[in-house]
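Here's the structure we're looking at; comments come further down.
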Amino acid sequence: MFSQSYLFTQEQLYNLSFEADKSYIIFISEGCSFSFDSLKQYQADIFSIVIPAVIFKGKLFHEAALICELDTVTKILFCSYEESAIASLITRSQSALLFVNWLDPNIYHYLDNFFNHSHEDIAILGAGCGRTTLDSANVITHNGEYQEDGFLIIYSEHRMNLRAYHGSTFFDGYYSAHTYNANTLATINGEPASFFYTNKIFELFHKHVTKDNIFQIGIHHPLGMGSAHIEKPLRVPVAIDGDYLILSGPIEDESILSFMVNSDDEFLKASQMSAFEVSQATLAMKEKKCFVVECMGRSQQLGDKFSVELENIASTLSSIDNIIGILSLGEIANSADKYIEYFNETCAIGVFDATQ
Amino acid sequence: MQLNEQLLITYECVSAIGTSLHLEEMITYFLKVFSRKTGALASIYWEYEPDKRVYNQTCFYGKRSFYTLFDAPSIHLPHNAIMTDSTATKSLLHVKIKNDWIVFLFQHDGVDLDLIQSIINSFHAKLENAILACKNHLELLEINQTLAKRIEEEVAKNREKDKHILQQSRLAQMGEMISMIAHQWRQPLGSISAVAASIKLKTALNRFDLNTELGKEEQKQFINDSMNKIESYIQFLTHTIDDFRNFFKPDKQKEAVTTLQLVEKTLEIIGKALEVNGISVSISNTATHKISTYANEVTQVILNIFKNAEDAIKERMIKNPTITIVLSEKNNEQIISITDNAGGIQENILPFIFEPYYSTKAERNGTGLGLYMSKIIIEEHCGGKITAQNSSDGARFVIILKENNHDNTHSF
């Protein structure tokens, strides 16, 4: 997938260099001050995405960029909303990294499109990218040009094994939700969605929800959706818009929601389970590389303990030298064994077989 | 999976059923939600076509690379609603919906298929009904489309028929016109003939002494007078032809006229014929306002009523035949009432006299189109109203025309 990966601090970002005729992906943490226009001067094919933070050598960096050089069997492409010819491009691919703007209401459309047209055994790891400030400027760029209404796909002939768990548990339910659009709830149980969530959080947890703290409270008390997956896919309420409640991902109309609760222990167990299962599944791989997609909500929930989570992952996957990854605002983890879903608050770990 | 979770998935799948009356759209949305909730990798809907005894794929949802794993169901498949087939890595879950099938593909060890079966069982009837509703809806749409096509065909036929009727009506009018011209010309032609005979006679009898200057002068004067008379009669004949030609020329524009002018114009055409048949015409006029209308067309209607009265009078050999015309106005309406004393119209046929091809006259006389065309002219072209009723000793036709009728009317 990636032949090289480097960490650049804020200061180092002013001295970037890229080899012509090579492809790069830059994961830029939202804390970085970066001129996307500067990417226009290079001959290389450079994509960039903004995420809350980057992970390099198993550690978290909020003001740095992770620059990855794509190897020869890996390609990168931005697919627009209408794109459906992607199937012809990825017939030989075994794995893919897929990135979407976390506030894009068409996320399900992109996932359906890619999943339905892709190779039958392709493993897909991905993330919702963007800023926690909800600012969508330059979230995805190509050679310094903003890309919107689509998704970024990195596809490779390397096999990948992946796992994703969150650890959030059911607390209260069940409530019928109607949507305004894919990531905006209009009503819950017939009441305006924002009022219902606010009142219910006060009733259940005695916390006052305001426009300013909705995201923080939402991270600790996400909404769970019904699914045959082992864990319920979650959605974090991120903003209030009048009666509407804006979520961290798409949701089908008339979904049944439940209030979930997070605990540090369960979160740590979940990440350990992700790491353990993926390590067991990749024992036979000779040369392994790891990409971690950790939900930003996990770092908020765990606080100082988040470094413990990263250490646990690193120790479980000790055979891998450099664990890289990102802090995300949504996760995708599909091993082609179930229909594709978009997750929140998960620890998604992908291990590539770099020997092929 | 806990019972709660099972119920949630069931509820959300049930909510996805029947969201559209378009079969493909409804099924696709259902398969999408079902796939997301249960993890089905792909699914297909086979619709049975009874006429050909084959299954057609109505929609496919999910990973296209799995498409080849779906074989068309055999019509010999057992009628139990749900069955499973298993391959090495994937499981196919067959669900029979009436004569159709939905087949879902799962990862073999990815899900609890028994549980998925029980979820499907719980909404099987609703899905069946929703599919039936879509099919019924489609059938109704098809019927409606056929109906619309049939109506269109009938309307086209009627238009053709109307054109035919109009053509027939014009031919009939031409016949009537020739008859009326004959009436108008009879007297002047007779006069010309008389003048010619007089010249011939006087010449044969040598009434003029051409040996004297006086005789020569008298003959010259006589021939001159005779020629003037003939010229005058010829002018009358020419004038009559012009009158008829203008009369039957379709109006392109409305003109402001009084109802008296319309009646008088009509009498210029038919008056001589009525006079020859001894029919007296009386006019009582209290109307003063003008109306804006297609004058020639209205006069054709009045002419038709006069002709009908004349025919009835002649046929029934009525003594002291009269046609009474009353012109009045009321509430911005001009009313023309024409009553004859020919005995009236039989009550049982009165409701049908304005229908096409309905005639009470002997076949040689009536086309059955006159009153039909009169009604079309007055009501559709001039925006008025024409009615018929019986008075004490004859038929009465009443034409009502609006004084300010500038819109929604059109000429032929």
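Going through the structure tokens in order, the chains are called A, B, and so on, while each chain numbers its residues from 1 and the ligands are numbered from 1 in the order shown.
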List the neighbours of Phe56 in chain A out to 8 Å using only C-alpha atoms; skip same-chain residues closer than 6 positions along the sequence, and give me the result as a tab-separated table (two decimals) with N, CA and C atoms, in the first residue's frame.
```
chain	number	residue	atom	x	y	z
A	7	LEU	N	6.49	11.46	9.06
A	7	LEU	CA	5.76	12.41	9.88
A	7	LEU	C	6.40	13.78	9.72
A	66	LEU	N	0.99	13.37	8.16
A	66	LEU	CA	1.55	12.06	7.83
A	66	LEU	C	1.56	11.97	6.30
A	322	ASN	N	6.17	-0.01	12.29
A	322	ASN	CA	5.64	1.35	12.35
A	322	ASN	C	4.13	1.33	12.15
A	323	ILE	N	3.42	1.51	13.24
A	323	ILE	CA	1.96	1.59	13.13
A	323	ILE	C	1.60	3.04	12.83
A	324	ILE	N	1.01	3.21	11.67
A	324	ILE	CA	0.57	4.57	11.31
A	324	ILE	C	-0.95	4.59	11.25
A	325	GLY	N	-1.47	5.79	11.22
A	325	GLY	CA	-2.92	5.87	11.12
A	325	GLY	C	-3.43	7.29	11.33
```
Report the closest atom pair, with its distance in Å rounded to one decimal, for each residue of range 60-176 of chain A that has an atom no farther than 12 Å from range 240-246 of chain A; count only C-alpha atoms, sort by chain and then rising residue number, and write it as JSON lines.
```
{"residue": "A:Trp102", "atom": "CA", "partner": "A:Ile246", "partner_atom": "CA", "distance": 11.3}
{"residue": "A:Leu103", "atom": "CA", "partner": "A:Ile246", "partner_atom": "CA", "distance": 8.9}
{"residue": "A:Asp104", "atom": "CA", "partner": "A:Ile246", "partner_atom": "CA", "distance": 11.2}
{"residue": "A:Pro105", "atom": "CA", "partner": "A:Ile246", "partner_atom": "CA", "distance": 10.3}
{"residue": "A:Leu134", "atom": "CA", "partner": "A:Ile246", "partner_atom": "CA", "distance": 10.8}
```
Keeping only all heavy atoms, write the selected residues to a file as an mmCIF file, in the first residue's frame.
```cif
data_model
loop_
_atom_site.group_PDB
_atom_site.id
_atom_site.type_symbol
_atom_site.label_atom_id
_atom_site.label_comp_id
_atom_site.auth_asym_id
_atom_site.auth_seq_id
_atom_site.Cartn_x
_atom_site.Cartn_y
_atom_site.Cartn_z
ATOM 1 N N TRP A 102 -16.789 13.750 6.302
ATOM 2 C CA TRP A 102 -17.702 13.202 7.324
ATOM 3 C C TRP A 102 -19.057 13.898 7.355
ATOM 4 O O TRP A 102 -20.029 13.343 7.865
ATOM 5 C CB TRP A 102 -17.038 13.242 8.712
ATOM 6 C CG TRP A 102 -16.995 14.592 9.395
ATOM 7 C CD1 TRP A 102 -16.525 15.747 8.883
ATOM 8 C CD2 TRP A 102 -17.441 14.894 10.716
ATOM 9 N NE1 TRP A 102 -16.616 16.765 9.789
ATOM 10 C CE2 TRP A 102 -17.180 16.271 10.941
ATOM 11 C CE3 TRP A 102 -18.003 14.166 11.748
ATOM 12 C CZ2 TRP A 102 -17.477 16.911 12.134
ATOM 13 C CZ3 TRP A 102 -18.301 14.808 12.948
ATOM 14 C CH2 TRP A 102 -18.053 16.157 13.131
ATOM 15 N N LEU A 103 -19.155 15.110 6.785
ATOM 16 C CA LEU A 103 -20.442 15.824 6.811
ATOM 17 C C LEU A 103 -21.209 15.686 5.488
ATOM 18 O O LEU A 103 -22.266 16.275 5.317
ATOM 19 C CB LEU A 103 -20.212 17.305 7.129
ATOM 20 C CG LEU A 103 -19.640 17.575 8.522
ATOM 21 C CD1 LEU A 103 -19.311 19.050 8.678
ATOM 22 C CD2 LEU A 103 -20.607 17.140 9.608
ATOM 23 N N ASP A 104 -20.671 14.905 4.575
ATOM 24 C CA ASP A 104 -21.328 14.718 3.284
ATOM 25 C C ASP A 104 -22.573 13.831 3.468
ATOM 26 O O ASP A 104 -22.461 12.711 3.964
ATOM 27 C CB ASP A 104 -20.344 14.048 2.304
ATOM 28 C CG ASP A 104 -20.843 14.080 0.867
ATOM 29 O OD1 ASP A 104 -22.067 14.035 0.657
ATOM 30 O OD2 ASP A 104 -19.993 14.143 -0.042
ATOM 31 N N PRO A 105 -23.759 14.327 3.083
ATOM 32 C CA PRO A 105 -24.961 13.501 3.271
ATOM 33 C C PRO A 105 -25.027 12.293 2.331
ATOM 34 O O PRO A 105 -25.902 11.450 2.485
ATOM 35 C CB PRO A 105 -26.117 14.474 2.999
ATOM 36 C CG PRO A 105 -25.519 15.588 2.236
ATOM 37 C CD PRO A 105 -24.070 15.659 2.566
ATOM 38 N N LEU A 134 -16.397 21.517 12.108
ATOM 39 C CA LEU A 134 -17.420 21.375 11.048
ATOM 40 C C LEU A 134 -17.066 22.200 9.806
ATOM 41 O O LEU A 134 -17.878 22.291 8.882
ATOM 42 C CB LEU A 134 -18.841 21.759 11.517
ATOM 43 C CG LEU A 134 -19.343 21.201 12.847
ATOM 44 C CD1 LEU A 134 -20.829 21.534 13.019
ATOM 45 C CD2 LEU A 134 -19.149 19.710 12.959
#
```
Sorted by chain and rising residue number, list the residues of chain B at most 6 Å from chain A (counting only C-alpha atoms), each with its closest atom pair and distance in Å to one decimal, as CSV.
```
residue,atom,partner,partner_atom,distance
B:Leu8,CA,A:Gly226,CA,5.5
B:Ile9,CA,A:Gly226,CA,5.7
B:Glu12,CA,A:Ser255,CA,5.9
B:Ser35,CA,A:Tyr339,CA,6.0
B:Arg36,CA,A:Tyr339,CA,5.8
B:Lys37,CA,A:Ser227,CA,4.6
B:Thr38,CA,A:Ala228,CA,4.9
B:Gly39,CA,A:Lys338,CA,4.4
B:Ala40,CA,A:Tyr339,CA,5.7
B:Leu41,CA,A:Tyr339,CA,4.9
B:Gly62,CA,A:Asn116,CA,5.0
B:Lys63,CA,A:Asn116,CA,3.8
B:Arg64,CA,A:Asn116,CA,5.6
B:Ser65,CA,A:Glu120,CA,5.6
B:Gln107,CA,A:Asp337,CA,5.3
```
Write the residues of the preceding selection, restricted to C-alpha atoms, as a PDB file, in the first residue's frame.
```
ATOM      1  CA  LEU B   8     -35.357  -3.773  15.541  1.00  0.00           C
ATOM      2  CA  ILE B   9     -34.110  -5.262  12.302  1.00  0.00           C
ATOM      3  CA  GLU B  12     -36.696  -1.378  10.014  1.00  0.00           C
ATOM      4  CA  SER B  35     -28.735  -5.689   3.127  1.00  0.00           C
ATOM      5  CA  ARG B  36     -27.574  -2.924   5.434  1.00  0.00           C
ATOM      6  CA  LYS B  37     -29.426  -4.336   8.400  1.00  0.00           C
ATOM      7  CA  THR B  38     -28.726  -8.044   7.921  1.00  0.00           C
ATOM      8  CA  GLY B  39     -25.420  -7.904   6.098  1.00  0.00           C
ATOM      9  CA  ALA B  40     -26.657  -9.645   2.921  1.00  0.00           C
ATOM     10  CA  LEU B  41     -23.917  -9.250   0.321  1.00  0.00           C
ATOM     11  CA  GLY B  62     -25.407  -5.621  -3.809  1.00  0.00           C
ATOM     12  CA  LYS B  63     -22.009  -6.761  -4.984  1.00  0.00           C
ATOM     13  CA  ARG B  64     -22.235  -7.292  -8.713  1.00  0.00           C
ATOM     14  CA  SER B  65     -19.362  -9.739  -8.756  1.00  0.00           C
ATOM     15  CA  GLN B 107     -21.311 -15.127   3.803  1.00  0.00           C
TER      16      GLN B 107
END
```
Note to self: So that I can check the surroundings of Leu127 in chain B, please list as a PyMOL selection string every protein, DNA and RNA residue that reaches within 12 Å of it, counting only C-alpha atoms and ignoring chain neighbours fewer than 2 positions away.
What the structure shows: chain B and resi 13-19+23+26-27+30-31+95-98+100-102+120-125+129-134
Output the selection as an mmCIF file, in the first residue's frame - C-alpha atoms for each residue.
```cif
data_model
loop_
_atom_site.group_PDB
_atom_site.id
_atom_site.type_symbol
_atom_site.label_atom_id
_atom_site.label_comp_id
_atom_site.auth_asym_id
_atom_site.auth_seq_id
_atom_site.Cartn_x
_atom_site.Cartn_y
_atom_site.Cartn_z
ATOM 1 C CA CYS B 13 -37.097 -3.898 7.186
ATOM 2 C CA VAL B 14 -40.887 -3.687 7.493
ATOM 3 C CA SER B 15 -40.636 0.113 7.297
ATOM 4 C CA ALA B 16 -38.752 -0.262 4.015
ATOM 5 C CA ILE B 17 -41.588 -2.272 2.453
ATOM 6 C CA GLY B 18 -44.216 -0.479 0.405
ATOM 7 C CA THR B 19 -42.415 2.862 0.182
ATOM 8 C CA LEU B 23 -42.169 -2.395 -8.114
ATOM 9 C CA MET B 26 -39.855 -0.472 -3.909
ATOM 10 C CA ILE B 27 -37.942 -3.750 -4.056
ATOM 11 C CA PHE B 30 -36.207 -2.837 0.519
ATOM 12 C CA LEU B 31 -33.182 -4.888 -0.588
ATOM 13 C CA VAL B 95 -37.807 -16.600 -0.358
ATOM 14 C CA LYS B 96 -40.874 -17.338 -2.438
ATOM 15 C CA ILE B 97 -43.332 -14.474 -2.837
ATOM 16 C CA LYS B 98 -46.434 -15.872 -4.588
ATOM 17 C CA ASP B 100 -41.828 -14.770 -7.603
ATOM 18 C CA TRP B 101 -38.595 -15.293 -5.716
ATOM 19 C CA ILE B 102 -36.221 -13.104 -3.755
ATOM 20 C CA ILE B 120 -38.288 -12.655 6.848
ATOM 21 C CA ASN B 121 -41.169 -14.866 7.968
ATOM 22 C CA SER B 122 -42.447 -12.084 10.191
ATOM 23 C CA PHE B 123 -42.897 -9.663 7.298
ATOM 24 C CA HIS B 124 -43.404 -12.150 4.471
ATOM 25 C CA ALA B 125 -47.131 -11.418 4.162
ATOM 26 C CA ASN B 129 -49.062 -7.645 -0.328
ATOM 27 C CA ALA B 130 -46.763 -4.746 -1.185
ATOM 28 C CA ILE B 131 -45.543 -6.528 -4.315
ATOM 29 C CA LEU B 132 -49.133 -7.341 -5.261
ATOM 30 C CA ALA B 133 -50.079 -3.681 -4.758
ATOM 31 C CA CYS B 134 -47.229 -2.620 -7.071
#
```
Next item on the list: May I have the residues within 12 Å of Phe205 in chain A as a ChimeraX atom specification, using only C-alpha atoms and disregarding those fewer than 6 positions away in the same chain?
Entry: /A:171-172,197-199,217,220-221,259-261
Next item on the list: Quote the spacing between CA of Val326 in chain B and CA of Ile376 in chain B in Å to one decimal place.
Entry: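 That distance, rounded to one decimal, is 22.5 Å.
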Next item on the list: Compile the contact shell of Val103 in chain B as number ranges by chain: residues with an atom at most 12 Å away, counting only C-alpha atoms, same-chain residues fewer than 2 positions apart removed.
Entry: B: 31, 34-35, 40-47, 57, 59-62, 67, 69-73, 81-85, 91-97, 100-101, 105-106, 117, 120
Check: Please, which residues of range 99-340 of chain A, numbered as in this document, come out strand (DSSP E) from DSSP, as a VMD selection string?
Finding: chain A and resid 99 to 101 123 to 129 140 to 142 145 to 146 150 to 156 160 to 165 169 to 181 184 to 188 191 to 192 223 to 225 234 to 235 237 to 241 244 to 247 255 to 261 288 to 295 323 to 328 331 to 334
